[in-house]
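Down below is the structure, laid out as structure tokens.
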Amino acid sequence: MKSYEVIRQAVDEPGVKAVAAVLKVSPALVYKWCEPPAEREDPEQSGAKNPLDRVREMYVLTKDIRLVRWLCNEAGGFFVSNPEPVTGKTLDESIFTETRGMVREFSELLETVTDSVENDSLIDLQEADLIRQKWEDLKACVERFVVGCEKGHYHVKKK
């Protein structure tokens, strides 16, 4: 699905005018966000590029997964990248590499929690943010492994 189609469907229920009012932009701009780029008079026109395309561009530019994670968290979920089929390693090497990664991520989470409470026995908001990041890393690592298992990436094919 294209970004403009997602926006068009998302603004359908509350209505373009309501969305525009909350975002403090003109309804015409919201209508532009709902159009395919080919239908826009000038696709590079300031303000015509829709917010989803802008977020995607920010991610492509920065490669900072926290942008995507934040958005997923705001939507009540979390981001997990698609697992890659293992190539160039034996089955044992692949599983060992993946499980070692999960243990490393868990260790980093525990270290972050320990560092947070070591000095003052409290976890402040900045420390909580660091703990959240380490938790997100661990969840993503384990979920990627489980999905890989479910897709048969670690399955020996019988001949």
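Residue numbering restarts at 1 in every chain; chains get A, B, ... in the order shown in the structure tokens, and ligands count up from 1 in that same order.
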Just want the 7 Å neighbourhood of range 47-57 of chain A, counted on only C-alpha atoms, with same-chain residues fewer than 5 positions away dropped. Output as an mmCIF file with N, CA and C atoms, in the first residue's frame.
```cif
data_model
loop_
_atom_site.group_PDB
_atom_site.id
_atom_site.type_symbol
_atom_site.label_atom_id
_atom_site.label_comp_id
_atom_site.auth_asym_id
_atom_site.auth_seq_id
_atom_site.Cartn_x
_atom_site.Cartn_y
_atom_site.Cartn_z
ATOM 1 N N SER A 3 1.944 5.231 0.632
ATOM 2 C CA SER A 3 1.788 6.121 1.791
ATOM 3 C C SER A 3 0.547 7.009 1.660
ATOM 4 N N LEU A 29 -3.832 20.984 2.119
ATOM 5 C CA LEU A 29 -2.582 20.251 2.289
ATOM 6 C C LEU A 29 -2.867 18.788 2.624
ATOM 7 N N LYS A 32 -3.756 17.040 -0.413
ATOM 8 C CA LYS A 32 -2.567 16.766 -1.229
ATOM 9 C C LYS A 32 -1.848 15.513 -0.735
ATOM 10 N N TRP A 33 -1.799 15.339 0.595
ATOM 11 C CA TRP A 33 -1.153 14.154 1.159
ATOM 12 C C TRP A 33 -1.863 12.878 0.735
#
```
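Those residues that approach range 88-99 of chain A to within 12 Å, counting only C-alpha atoms, are A:Pro83, A:Arg104, A:Glu105, A:Phe106, A:Leu138, A:Ala140, A:Cys141, A:Val142, A:Glu143, A:Arg144, A:Phe145, A:Val146, A:Gly148, A:Cys149, A:Gly152, A:His153, A:Tyr154, A:His155, A:Val156, A:Lys157; same-chain residues fewer than 5 positions away are not listed.
Each of A:Glu13, A:Ala75, A:Arg69, A:Tyr4 was checked against Val30 in chain A using only C-alpha atoms; the smallest atom-to-atom distance is that of A:Tyr4.
Distance-wise, CA of Asn73 in chain A and CA of Glu136 in chain A end up 9.9 Å apart.
Here CA of Gly77 in chain A stands at a distance of 19.4 Å from CA of Ile7 in chain A.
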With distances taken over only C-alpha atoms, which residue among A:Val16, A:Val80, A:Cys34, A:Leu71 lies nearest Val147 in chain A? A:Val80
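The shortest atom-to-atom distance to Ile131 in chain A, with only C-alpha atoms taken into account, belongs to A:Leu109 out of A:Leu67, A:Val103, A:Ala20, A:Leu109.
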